[in-house]
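One file, structure25.cif, carrying mmCIF, C-alpha atoms:
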```cif
data_my_file
#
loop_
_atom_site.label_atom_id
_atom_site.label_comp_id
_atom_site.auth_asym_id
_atom_site.auth_seq_id
_atom_site.Cartn_x
_atom_site.Cartn_y
_atom_site.Cartn_z
CA MET A 1 1.36 -67.68 -60.70
CA TRP A 2 1.03 -67.64 -56.92
CA LEU A 3 1.89 -64.72 -54.65
CA LEU A 4 2.85 -65.30 -51.02
CA CYS A 5 2.81 -62.36 -48.62
CA ASP A 6 4.98 -63.00 -45.57
CA CYS A 7 5.20 -60.47 -42.72
CA ASP A 8 8.81 -59.80 -41.68
CA ASN A 9 9.59 -60.81 -38.05
CA PHE A 10 5.87 -60.41 -37.42
CA TYR A 11 5.64 -60.31 -33.60
CA ALA A 12 8.60 -57.94 -33.31
CA SER A 13 7.21 -55.78 -36.13
CA CYS A 14 3.84 -55.52 -34.32
CA GLU A 15 5.60 -54.11 -31.25
CA ARG A 16 7.57 -51.67 -33.40
CA VAL A 17 4.43 -50.22 -35.01
CA PHE A 18 3.75 -48.36 -31.77
CA ARG A 19 7.40 -48.12 -30.68
CA PRO A 20 9.25 -46.64 -33.68
CA ASP A 21 12.20 -45.94 -31.37
CA LEU A 22 12.88 -49.71 -31.57
CA ASN A 23 13.44 -49.71 -35.35
CA GLY A 24 16.93 -51.06 -35.99
CA LYS A 25 17.28 -52.29 -32.41
CA PRO A 26 17.13 -55.93 -31.18
CA VAL A 27 13.69 -57.13 -30.01
CA VAL A 28 12.64 -60.49 -28.53
CA ILE A 29 9.18 -61.87 -27.74
CA LEU A 30 8.60 -64.35 -24.91
CA SER A 31 6.35 -67.41 -24.69
CA ASN A 32 3.50 -67.95 -22.24
CA ASN A 33 4.46 -67.03 -18.66
CA ASP A 34 7.57 -65.29 -20.02
CA GLY A 35 9.37 -68.62 -20.19
CA CYS A 36 11.32 -68.79 -23.47
CA ILE A 37 12.17 -66.64 -26.46
CA VAL A 38 9.77 -67.48 -29.31
CA ALA A 39 10.35 -64.59 -31.73
CA ARG A 40 13.35 -62.40 -32.57
CA SER A 41 14.06 -59.43 -34.77
CA LYS A 42 16.91 -59.77 -37.26
CA GLU A 43 19.05 -57.62 -34.96
CA ALA A 44 18.44 -60.06 -32.10
CA LYS A 45 19.32 -62.99 -34.37
CA ALA A 46 22.57 -61.22 -35.27
CA LEU A 47 23.48 -61.17 -31.57
CA GLY A 48 23.32 -64.98 -31.57
CA ILE A 49 20.12 -65.26 -29.53
CA LYS A 50 18.61 -68.68 -30.22
CA MET A 51 14.94 -69.58 -30.59
CA GLY A 52 13.54 -71.35 -27.52
CA THR A 53 16.22 -70.10 -25.13
CA PRO A 54 14.85 -69.76 -21.54
CA LEU A 55 14.73 -66.12 -20.45
CA TYR A 56 16.55 -66.69 -17.15
CA GLN A 57 19.60 -68.02 -19.03
CA VAL A 58 20.09 -64.89 -21.15
CA LYS A 59 18.42 -62.12 -19.14
CA ASP A 60 21.74 -60.49 -18.16
CA PHE A 61 22.96 -60.73 -21.76
CA LEU A 62 19.76 -59.10 -23.08
CA GLU A 63 20.01 -56.22 -20.62
CA LYS A 64 23.70 -55.74 -21.35
CA ASN A 65 23.00 -55.48 -25.11
CA ASP A 66 19.94 -53.23 -24.67
CA VAL A 67 17.55 -55.80 -26.15
CA ALA A 68 13.85 -54.87 -25.89
CA ILE A 69 11.86 -57.67 -24.21
CA PHE A 70 8.11 -58.18 -24.68
CA SER A 71 5.60 -60.68 -23.35
CA SER A 72 3.36 -62.28 -26.00
CA ASN A 73 0.54 -59.84 -26.79
CA TYR A 74 -1.65 -62.13 -28.92
CA THR A 75 -4.58 -59.69 -28.90
CA LEU A 76 -2.45 -57.05 -30.61
CA TYR A 77 -0.80 -59.53 -33.01
CA GLY A 78 -4.15 -61.04 -34.01
CA ASP A 79 -5.71 -57.65 -34.74
CA LEU A 80 -2.76 -56.40 -36.80
CA SER A 81 -2.74 -59.71 -38.69
CA HIS A 82 -6.41 -59.21 -39.53
CA ARG A 83 -5.66 -55.71 -40.85
CA VAL A 84 -2.79 -56.96 -43.03
CA MET A 85 -4.87 -59.81 -44.45
CA SER A 86 -7.83 -57.51 -45.11
CA LEU A 87 -5.65 -55.24 -47.25
CA LEU A 88 -4.01 -58.24 -48.94
CA SER A 89 -7.38 -59.78 -49.84
CA GLN A 90 -8.26 -56.61 -51.79
CA CYS A 91 -5.43 -57.34 -54.24
CA SER A 92 -7.10 -60.47 -55.63
CA ASP A 93 -10.46 -62.23 -55.48
CA LYS A 94 -8.72 -65.55 -54.77
CA PHE A 95 -7.14 -65.02 -51.36
CA TYR A 96 -6.24 -67.61 -48.75
CA GLN A 97 -4.78 -66.91 -45.30
CA TYR A 98 -2.28 -69.63 -44.43
CA SER A 99 -1.10 -68.49 -40.98
CA ILE A 100 -1.14 -65.43 -38.72
CA ASP A 101 1.57 -63.77 -40.84
CA GLU A 102 1.22 -65.41 -44.27
CA GLY A 103 -1.36 -65.31 -47.04
CA PHE A 104 -1.54 -66.65 -50.62
CA LEU A 105 -3.02 -64.92 -53.66
CA ASP A 106 -3.91 -66.76 -56.87
CA MET A 107 -2.65 -64.52 -59.68
CA SER A 108 -3.78 -66.72 -62.58
CA GLY A 109 -6.15 -64.08 -63.99
CA PHE A 110 -3.40 -61.56 -64.79
CA GLU A 111 -2.16 -60.94 -68.32
CA SER A 112 1.58 -60.91 -67.68
CA CYS A 113 4.27 -61.22 -65.02
CA GLU A 114 4.95 -57.49 -65.36
CA LYS A 115 1.35 -56.74 -64.27
CA ILE A 116 1.71 -59.12 -61.30
CA LEU A 117 4.98 -57.47 -60.30
CA GLU A 118 3.42 -54.03 -60.51
CA LEU A 119 0.46 -55.09 -58.37
CA ALA A 120 2.77 -56.76 -55.83
CA ARG A 121 4.74 -53.55 -55.33
CA GLU A 122 1.54 -51.54 -54.92
CA CYS A 123 0.20 -54.13 -52.47
CA ARG A 124 3.38 -54.03 -50.39
CA GLN A 125 3.29 -50.24 -50.26
CA THR A 126 -0.39 -50.27 -49.24
CA ILE A 127 0.23 -52.68 -46.34
CA THR A 128 3.30 -50.79 -45.12
CA ARG A 129 1.45 -47.47 -45.25
CA GLY A 130 -1.87 -48.79 -43.92
CA VAL A 131 -0.66 -51.02 -41.05
CA GLY A 132 3.03 -50.31 -40.63
CA ILE A 133 4.06 -53.97 -40.87
CA PRO A 134 6.93 -54.68 -43.33
CA VAL A 135 6.15 -57.57 -45.68
CA THR A 136 8.02 -59.60 -48.29
CA LEU A 137 6.26 -60.95 -51.38
CA GLY A 138 7.32 -64.08 -53.21
CA ILE A 139 5.86 -64.84 -56.66
CA ALA A 140 6.24 -68.12 -58.53
CA PRO A 141 4.32 -70.78 -60.51
CA THR A 142 3.77 -72.94 -57.37
CA LYS A 143 3.16 -72.25 -53.69
CA THR A 144 6.38 -74.03 -52.65
CA LEU A 145 8.45 -71.92 -55.06
CA ALA A 146 6.59 -68.79 -53.87
CA LYS A 147 7.67 -69.60 -50.29
CA MET A 148 11.22 -69.99 -51.57
CA ALA A 149 11.01 -66.66 -53.42
CA SER A 150 9.83 -64.86 -50.27
CA LYS A 151 12.86 -66.17 -48.37
CA TYR A 152 15.18 -64.87 -51.09
CA GLY A 153 13.29 -61.56 -50.95
CA LYS A 154 14.14 -61.27 -47.25
CA LEU A 155 17.73 -62.39 -47.73
CA TYR A 156 18.71 -59.94 -50.48
CA LYS A 157 17.87 -56.22 -50.17
CA GLY A 158 18.14 -55.74 -53.93
CA TYR A 159 14.71 -57.29 -54.41
CA ASN A 160 13.10 -54.44 -52.38
CA GLY A 161 10.75 -56.90 -50.74
CA VAL A 162 9.38 -58.46 -53.96
CA CYS A 163 11.04 -61.54 -55.50
CA MET A 164 9.66 -63.30 -58.57
CA ILE A 165 10.62 -66.68 -60.04
CA ASP A 166 9.13 -66.42 -63.52
CA THR A 167 11.65 -68.19 -65.77
CA GLU A 168 13.27 -71.61 -65.90
CA GLU A 169 16.67 -70.02 -65.42
CA LYS A 170 15.54 -68.29 -62.20
CA ARG A 171 13.92 -71.49 -60.92
CA LEU A 172 17.09 -73.53 -61.36
CA LYS A 173 19.24 -70.82 -59.81
CA ALA A 174 16.90 -70.56 -56.81
CA LEU A 175 16.89 -74.35 -56.29
CA GLU A 176 20.66 -74.57 -56.56
CA LYS A 177 21.35 -72.32 -53.57
CA PHE A 178 18.41 -73.35 -51.36
CA PRO A 179 19.08 -75.86 -48.50
CA VAL A 180 16.74 -78.85 -48.80
CA GLU A 181 15.87 -78.75 -45.09
CA ASP A 182 14.36 -75.26 -45.60
CA VAL A 183 11.97 -76.40 -48.35
CA TRP A 184 8.33 -75.96 -47.33
CA GLY A 185 6.85 -79.31 -46.27
CA ILE A 186 10.12 -81.16 -45.63
CA GLY A 187 10.20 -82.22 -41.98
CA ARG A 188 12.95 -83.64 -39.83
CA GLN A 189 12.43 -87.31 -40.78
CA THR A 190 12.31 -86.54 -44.51
CA PHE A 191 15.44 -84.39 -44.21
CA GLU A 192 17.30 -87.19 -42.41
CA LYS A 193 16.45 -89.58 -45.28
CA LEU A 194 17.53 -87.05 -47.89
CA ASN A 195 20.72 -86.27 -46.00
CA TYR A 196 21.52 -89.99 -45.79
CA HIS A 197 21.32 -90.19 -49.60
CA GLY A 198 23.57 -87.13 -50.01
CA ILE A 199 20.80 -84.73 -51.06
CA ARG A 200 21.75 -81.28 -49.77
CA THR A 201 19.93 -78.69 -51.91
CA ALA A 202 16.46 -78.22 -53.36
CA LYS A 203 17.99 -78.76 -56.81
CA ASP A 204 19.36 -82.16 -55.73
CA PHE A 205 15.85 -83.14 -54.64
CA ALA A 206 14.15 -81.78 -57.76
CA GLU A 207 16.49 -83.78 -60.03
CA LEU A 208 15.69 -87.12 -58.37
CA ASN A 209 13.83 -89.86 -60.23
CA PRO A 210 10.07 -89.27 -59.62
CA GLN A 211 9.33 -92.99 -59.13
CA TRP A 212 12.05 -93.21 -56.46
CA VAL A 213 10.70 -90.10 -54.72
CA ARG A 214 7.18 -91.51 -54.63
CA ARG A 215 8.39 -94.84 -53.31
CA MET A 216 10.58 -93.30 -50.59
CA PHE A 217 8.48 -90.31 -49.51
CA LYS A 218 4.91 -91.26 -50.49
CA ILE A 219 2.43 -88.77 -51.97
CA ASN A 220 3.41 -85.74 -49.84
CA GLY A 221 7.08 -85.98 -50.82
CA PHE A 222 6.11 -86.47 -54.47
CA ARG A 223 3.97 -83.33 -54.38
CA ILE A 224 6.90 -81.31 -53.04
CA TRP A 225 9.04 -82.72 -55.87
CA GLN A 226 6.38 -81.66 -58.42
CA GLU A 227 6.08 -78.17 -56.92
CA LEU A 228 9.85 -77.66 -57.06
CA ASN A 229 9.71 -78.65 -60.74
CA GLY A 230 7.09 -75.99 -61.44
CA ILE A 231 3.98 -78.21 -61.33
CA SER A 232 1.35 -76.68 -59.03
CA CYS A 233 -0.37 -79.53 -57.19
CA ILE A 234 -0.90 -78.45 -53.56
CA ASP A 235 -4.52 -77.34 -53.29
CA VAL A 236 -5.18 -74.54 -50.77
CA ASP A 237 -8.33 -76.40 -49.70
CA GLU A 238 -6.11 -79.21 -48.42
CA LEU A 239 -3.98 -76.96 -46.20
CA PRO A 240 -6.21 -75.64 -43.41
CA GLU A 241 -7.75 -78.79 -41.95
CA LYS A 242 -5.62 -79.97 -39.05
CA GLN A 243 -5.56 -83.58 -37.87
CA SER A 244 -5.51 -82.50 -34.23
CA ILE A 245 -6.07 -79.26 -32.33
CA CYS A 246 -4.48 -78.51 -28.99
CA THR A 247 -4.78 -75.62 -26.55
CA SER A 248 -2.59 -75.83 -23.45
CA ARG A 249 -0.86 -73.56 -20.98
CA SER A 250 1.66 -73.54 -18.16
CA PHE A 251 0.53 -71.73 -15.01
CA SER A 252 2.58 -69.12 -13.20
CA ASP A 253 4.19 -69.41 -9.77
CA GLN A 254 3.51 -72.77 -8.05
CA GLY A 255 0.51 -73.56 -10.24
CA ILE A 256 -3.19 -74.24 -9.60
CA CYS A 257 -4.34 -76.06 -6.48
CA LYS A 258 -8.11 -75.37 -6.47
CA ARG A 259 -10.48 -77.57 -8.45
CA GLU A 260 -12.68 -74.67 -9.62
CA ASP A 261 -9.61 -72.85 -10.99
CA LEU A 262 -8.45 -75.92 -12.92
CA GLU A 263 -11.98 -76.49 -14.23
CA ALA A 264 -12.12 -72.86 -15.42
CA ALA A 265 -8.77 -73.28 -17.17
CA VAL A 266 -9.69 -76.45 -19.09
CA ALA A 267 -13.13 -74.97 -19.88
CA ASN A 268 -11.39 -72.02 -21.56
CA PHE A 269 -9.08 -74.39 -23.45
CA ALA A 270 -12.04 -76.51 -24.61
CA SER A 271 -13.92 -73.39 -25.75
CA ARG A 272 -10.90 -72.16 -27.72
CA CYS A 273 -10.46 -75.57 -29.38
CA ALA A 274 -14.14 -75.63 -30.37
CA GLU A 275 -13.83 -72.19 -31.97
CA LYS A 276 -10.79 -73.31 -33.97
CA LEU A 277 -12.70 -76.40 -35.07
CA ARG A 278 -15.67 -74.36 -36.31
CA LYS A 279 -13.38 -71.89 -38.04
CA GLN A 280 -11.97 -74.65 -40.25
CA HIS A 281 -15.46 -76.18 -40.73
CA SER A 282 -14.60 -79.42 -38.93
CA VAL A 283 -15.90 -81.68 -36.18
CA CYS A 284 -14.09 -84.09 -33.88
CA LYS A 285 -14.87 -87.47 -32.35
CA LEU A 286 -12.40 -87.49 -29.41
CA ILE A 287 -11.37 -85.01 -26.72
CA THR A 288 -8.33 -85.56 -24.49
CA VAL A 289 -7.88 -83.58 -21.27
CA PHE A 290 -4.66 -83.50 -19.27
CA ALA A 291 -3.16 -81.72 -16.26
CA TYR A 292 0.04 -82.43 -14.40
CA THR A 293 2.19 -81.11 -11.59
CA SER A 294 5.76 -79.88 -12.01
CA ARG A 295 8.26 -82.70 -12.46
CA PHE A 296 10.98 -80.44 -11.05
CA ARG A 297 9.32 -79.85 -7.66
CA THR A 298 10.36 -82.90 -5.66
CA ASP A 299 9.22 -81.18 -2.45
CA LEU A 300 5.56 -81.27 -3.59
CA PRO A 301 3.29 -84.29 -4.27
CA SER A 302 3.12 -85.16 -7.97
CA ASN A 303 0.10 -86.22 -10.01
CA ILE A 304 -1.10 -86.58 -13.60
CA ILE A 305 -4.68 -86.28 -14.81
CA SER A 306 -5.29 -87.62 -18.31
CA ALA A 307 -8.35 -89.05 -20.05
CA THR A 308 -9.80 -89.33 -23.56
CA ILE A 309 -13.57 -89.03 -24.01
CA PRO A 310 -15.38 -90.11 -27.22
CA PHE A 311 -18.44 -88.23 -28.51
CA SER A 312 -21.39 -90.29 -29.70
CA VAL A 313 -21.72 -87.86 -32.63
CA ALA A 314 -18.76 -85.91 -34.03
CA THR A 315 -19.16 -82.33 -32.81
CA ASN A 316 -17.74 -78.82 -32.65
CA ASP A 317 -20.13 -77.60 -29.94
CA THR A 318 -18.53 -75.53 -27.17
CA ARG A 319 -20.92 -76.74 -24.45
CA GLU A 320 -20.31 -80.42 -25.23
CA MET A 321 -16.55 -79.85 -25.14
CA ILE A 322 -16.65 -77.95 -21.85
CA LYS A 323 -18.89 -80.56 -20.24
CA ALA A 324 -16.51 -83.35 -21.23
CA ALA A 325 -13.38 -81.42 -20.18
CA THR A 326 -14.62 -80.34 -16.75
CA GLY A 327 -16.06 -83.83 -16.20
CA VAL A 328 -12.56 -85.31 -16.49
CA ILE A 329 -11.22 -82.93 -13.83
CA ARG A 330 -14.11 -83.64 -11.46
CA HIS A 331 -13.82 -87.38 -11.92
CA HIS A 332 -10.05 -87.51 -11.25
CA TRP A 333 -9.87 -84.83 -8.55
CA ASN A 334 -8.50 -86.02 -5.21
CA PRO A 335 -9.70 -83.69 -2.40
CA ASN A 336 -7.51 -85.42 0.20
CA VAL A 337 -4.16 -84.33 -1.34
CA LEU A 338 -3.08 -80.77 -2.19
CA TYR A 339 -1.65 -80.89 -5.71
CA TYR A 340 -0.25 -77.87 -7.55
CA TYR A 341 -0.95 -78.40 -11.25
CA LYS A 342 1.63 -76.60 -13.36
CA LYS A 343 0.23 -77.30 -16.85
CA ALA A 344 -3.08 -78.35 -18.39
CA GLY A 345 -4.53 -78.66 -21.87
CA VAL A 346 -7.19 -79.99 -24.22
CA ILE A 347 -6.53 -81.95 -27.44
CA LEU A 348 -9.14 -82.69 -30.13
CA SER A 349 -8.57 -85.63 -32.47
CA GLU A 350 -10.29 -87.76 -35.12
CA ILE A 351 -11.14 -84.55 -36.95
CA SER A 352 -13.25 -84.60 -40.10
CA SER A 353 -15.27 -82.21 -42.25
CA ASP A 354 -18.56 -80.86 -40.85
CA LYS A 355 -20.24 -81.35 -44.24
CA ILE A 356 -20.89 -85.07 -43.67
CA ILE A 357 -21.44 -86.21 -40.07
CA GLU A 358 -22.39 -89.76 -39.11
CA GLN A 359 -25.49 -89.55 -36.93
CA ASN A 360 -26.58 -91.61 -33.91
CA LEU A 361 -30.09 -93.05 -33.90
CA PHE A 362 -30.42 -92.42 -30.16
CA ASP A 363 -28.95 -88.91 -30.14
CA LYS A 364 -31.17 -86.59 -28.06
CA VAL A 365 -29.35 -83.34 -28.93
CA ASP A 366 -31.03 -80.86 -31.26
CA ARG A 367 -28.03 -80.41 -33.59
CA ARG A 368 -29.63 -77.67 -35.70
CA LYS A 369 -30.40 -75.56 -32.63
CA GLN A 370 -26.89 -76.23 -31.34
CA HIS A 371 -25.37 -75.08 -34.64
CA ARG A 372 -27.43 -71.86 -34.69
CA LEU A 373 -26.48 -71.02 -31.10
CA ASN A 374 -22.75 -71.49 -31.76
CA ALA A 375 -22.98 -69.37 -34.92
CA VAL A 376 -24.63 -66.50 -33.01
CA ILE A 377 -22.08 -66.67 -30.16
CA ASP A 378 -19.19 -66.69 -32.67
CA ARG A 379 -20.60 -63.62 -34.44
CA ILE A 380 -21.01 -61.71 -31.15
CA ASN A 381 -17.51 -62.60 -29.95
CA LYS A 382 -15.99 -61.67 -33.31
CA ALA A 383 -17.72 -58.27 -33.27
CA GLN A 384 -17.42 -57.41 -29.57
CA GLY A 385 -14.23 -59.14 -28.48
CA TYR A 386 -12.89 -62.54 -27.47
CA SER A 387 -15.06 -64.42 -24.91
CA VAL A 388 -17.64 -61.65 -24.44
CA VAL A 389 -20.19 -64.47 -24.40
CA LYS A 390 -18.97 -67.56 -22.55
CA SER A 391 -20.02 -70.38 -20.27
CA ALA A 392 -20.35 -69.62 -16.54
CA VAL A 393 -17.59 -72.11 -15.68
CA GLN A 394 -15.14 -69.99 -17.71
CA TYR A 395 -14.90 -67.41 -14.95
CA TYR A 396 -11.89 -65.13 -14.51
CA SER A 397 -9.24 -66.60 -12.23
CA LYS A 398 -5.98 -64.82 -11.41
CA ARG A 399 -4.40 -68.19 -10.71
CA SER A 400 -4.89 -69.29 -14.32
CA GLN A 401 -3.70 -66.02 -15.87
CA LEU A 402 -0.39 -65.79 -17.66
CA LYS A 403 2.69 -64.20 -16.16
CA ARG A 404 3.35 -61.17 -18.39
CA GLU A 405 5.90 -58.84 -16.85
CA TYR A 406 6.87 -57.29 -20.20
CA MET A 407 3.39 -56.84 -21.69
CA SER A 408 2.79 -54.02 -24.15
CA GLN A 409 -0.57 -52.30 -24.51
CA ARG A 410 -3.47 -53.53 -26.65
CA TYR A 411 -3.38 -50.31 -28.65
CA THR A 412 -5.94 -51.29 -31.30
CA THR A 413 -8.54 -53.28 -29.35
CA ASN A 414 -8.88 -51.73 -25.86
CA LEU A 415 -10.18 -48.19 -25.37
CA ALA A 416 -8.43 -47.94 -21.99
CA GLU A 417 -5.07 -48.64 -23.64
CA LEU A 418 -5.23 -46.23 -26.58
CA MET A 419 -2.02 -44.46 -27.43
CA LYS A 420 -1.68 -41.00 -25.88
CA VAL A 421 -0.28 -38.36 -28.25
CA LYS A 422 1.21 -35.18 -26.77
#
```
For this file, write the structure as structure tokens.
Amino acid sequence: MWLLCDCDNFYASCERVFRPDLNGKPVVILSNNDGCIVARSKEAKALGIKMGTPLYQVKDFLEKNDVAIFSSNYTLYGDLSHRVMSLLSQCSDKFYQYSIDEGFLDMSGFESCEKILELARECRQTITRGVGIPVTLGIAPTKTLAKMASKYGKLYKGYNGVCMIDTEEKRLKALEKFPVEDVWGIGRQTFEKLNYHGIRTAKDFAELNPQWVRRMFKINGFRIWQELNGISCIDVDELPEKQSICTSRSFSDQGICKREDLEAAVANFASRCAEKLRKQHSVCKLITVFAYTSRFRTDLPSNIISATIPFSVATNDTREMIKAATGVIRHHWNPNVLYYYKKAGVILSEISSDKIIEQNLFDKVDRRKQHRLNAVIDRINKAQGYSVVKSAVQYYSKRSQLKREYMSQRYTTNLAELMKVK
């Protein structure tokens, strides 16, 4: 059996931990630069507020309905996520964090489903008491069915936050009422194919001929079919490695017009990408850097900077990434025209495992020394705070900072923003 722990309305719940007066009230979280709504509490969803709606379109509606608005406080969300996952990992030796608000536990060592159910309820109580984040637990023979169970656990209060699919009867009943487009792993293109063939529910998909499924949807679709039929075949080791990594941001006001500010921005993006790469034990062969002006400002000159740089040896080194990223900006910078760049980003591609790296006979870089340095910097930054140790080009620039008019405090990570109790 697999157990999936899914935090309920995670971003909104993080804000409510320190604002209990917001319990039962609608809450929305905004994207970078307070542009769009990216997270909603169930009360906000009930008001008909859609995901991705620009703030300026619904600001009057939100104020009229007394909706609490927050800018994205990723420092707070990341720390509370770490606390939830730390408590969750104590419930089983085989723990895997899937996302910021989800984690899997392998429950195969337990004697019976009753024992698993008992542990799940204890685990949920521990997390709620220890962190204050409400969670829903889904338990099933496969990870895909566990995801399905967690959704049912959120939908029906009678489960009290713990839903288990442990019999064939429960599996068939769960599949029968579950929309196929909501099945974990089924994307838009796959759903369009299934919809064309009249397949509406997870049960419809699970009852298809396996040879037809494999022919139409290749190996990934066939694995989903197996998982829905109770055959566990998605290995957790296959989930974390991404095929590309991107860090990008839109800049507030008019944008960035100074070269040093744009260089600092892409250097920070490159550094963040490199950290993500090392975290999943991968290296990359290509780095793409882009920056462009606003396409809506016809009164200002427009420009696009974009280039892809190959590495002679696949790498996850921060300094190599920053050197390549800032080099693109310097090479394409035009000092004779004043451009206001509204968005920039860094994309890493051709990603592979760091266990086997093809070497270059003429490589002059001491890769072992490079690896040790990155490991030390990562340890310091993890212990002392994000970007405590960084490259000089990653200096602080107000021009590249996010617009956060509705920012809450970093209650758990900044001594100057500790909660005051009277």
Worksheet item: Could you name the residues that touch A:Thr413 at 8 Å or less, counting all atoms listed in the file, but leaving out those on the same chain fewer than 6 positions away, as a PyMOL selection string?
Response: chain A and resi 75-76+79
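The nearest approach to A:Lys143 among the residues A:Lys420, A:Arg295, A:Lys285, A:Arg223, with all atoms listed in the file taken into account, belongs to A:Arg223.
Each of A:Ser72, A:Asn209, A:Asn316, A:Thr247 was compared to A:Arg410 using all atoms listed in the file, and A:Ser72 turns out to be the nearest.
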Worksheet entry | Evaluate the PyMOL selection byres ((chain A and resi 24) around 10) and report residues as JSON, numbers by chain | {"A": [16, 20, 21, 22, 23, 25, 26, 27, 41, 42, 43, 44]}
Discussion item. Please report the interatomic distance between atom CA of A:Ala270 and atom CA of A:Thr318 in Å with one decimal.
Written reply: 7.0 Å
Residue contacts of A:Glu122 (12 Å, only C-alpha atoms) excluding same-chain residues fewer than 2 positions away, as a CSV table (one decimal) with C-alpha atoms, in the coordinates of the input:
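Written file, result.csv:
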```csv
chain,number,residue,atom,x,y,z
A,87,LEU,CA,-5.6,-55.2,-47.2
A,88,LEU,CA,-4.0,-58.2,-48.9
A,90,GLN,CA,-8.3,-56.6,-51.8
A,91,CYS,CA,-5.4,-57.3,-54.2
A,115,LYS,CA,1.4,-56.7,-64.3
A,116,ILE,CA,1.7,-59.1,-61.3
A,117,LEU,CA,5.0,-57.5,-60.3
A,118,GLU,CA,3.4,-54.0,-60.5
A,119,LEU,CA,0.5,-55.1,-58.4
A,120,ALA,CA,2.8,-56.8,-55.8
A,124,ARG,CA,3.4,-54.0,-50.4
A,125,GLN,CA,3.3,-50.2,-50.3
A,126,THR,CA,-0.4,-50.3,-49.2
A,127,ILE,CA,0.2,-52.7,-46.3
A,128,THR,CA,3.3,-50.8,-45.1
A,129,ARG,CA,1.4,-47.5,-45.2
A,130,GLY,CA,-1.9,-48.8,-43.9
A,135,VAL,CA,6.2,-57.6,-45.7
A,137,LEU,CA,6.3,-61.0,-51.4
A,161,GLY,CA,10.8,-56.9,-50.7
A,162,VAL,CA,9.4,-58.5,-54.0
```
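Shell of A:Gln97 at 12 Å, with only C-alpha atoms counted and residues fewer than 2 places along the chain excluded, is A:Leu3, A:Leu4, A:Cys5, A:Asp6, A:Ser81, A:His82, A:Val84, A:Met85, A:Ser86, A:Leu87, A:Leu88, A:Ser89, A:Lys94, A:Phe95, A:Ser99, A:Ile100, A:Asp101, A:Glu102, A:Gly103, A:Phe104, A:Leu105, A:Asp106, A:Val236, A:Asp237, A:Leu239, A:Pro240, A:Gln280.
When atom CA of A:Asn32 is paired with atom CA of A:Tyr395, their separation reads 19.8 Å.
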Worksheet item: Between A:Arg40, A:Arg19, A:His281, A:Lys157, which has the minimum distance to A:Lys355 (counting only C-alpha atoms)?
Response: A:His281
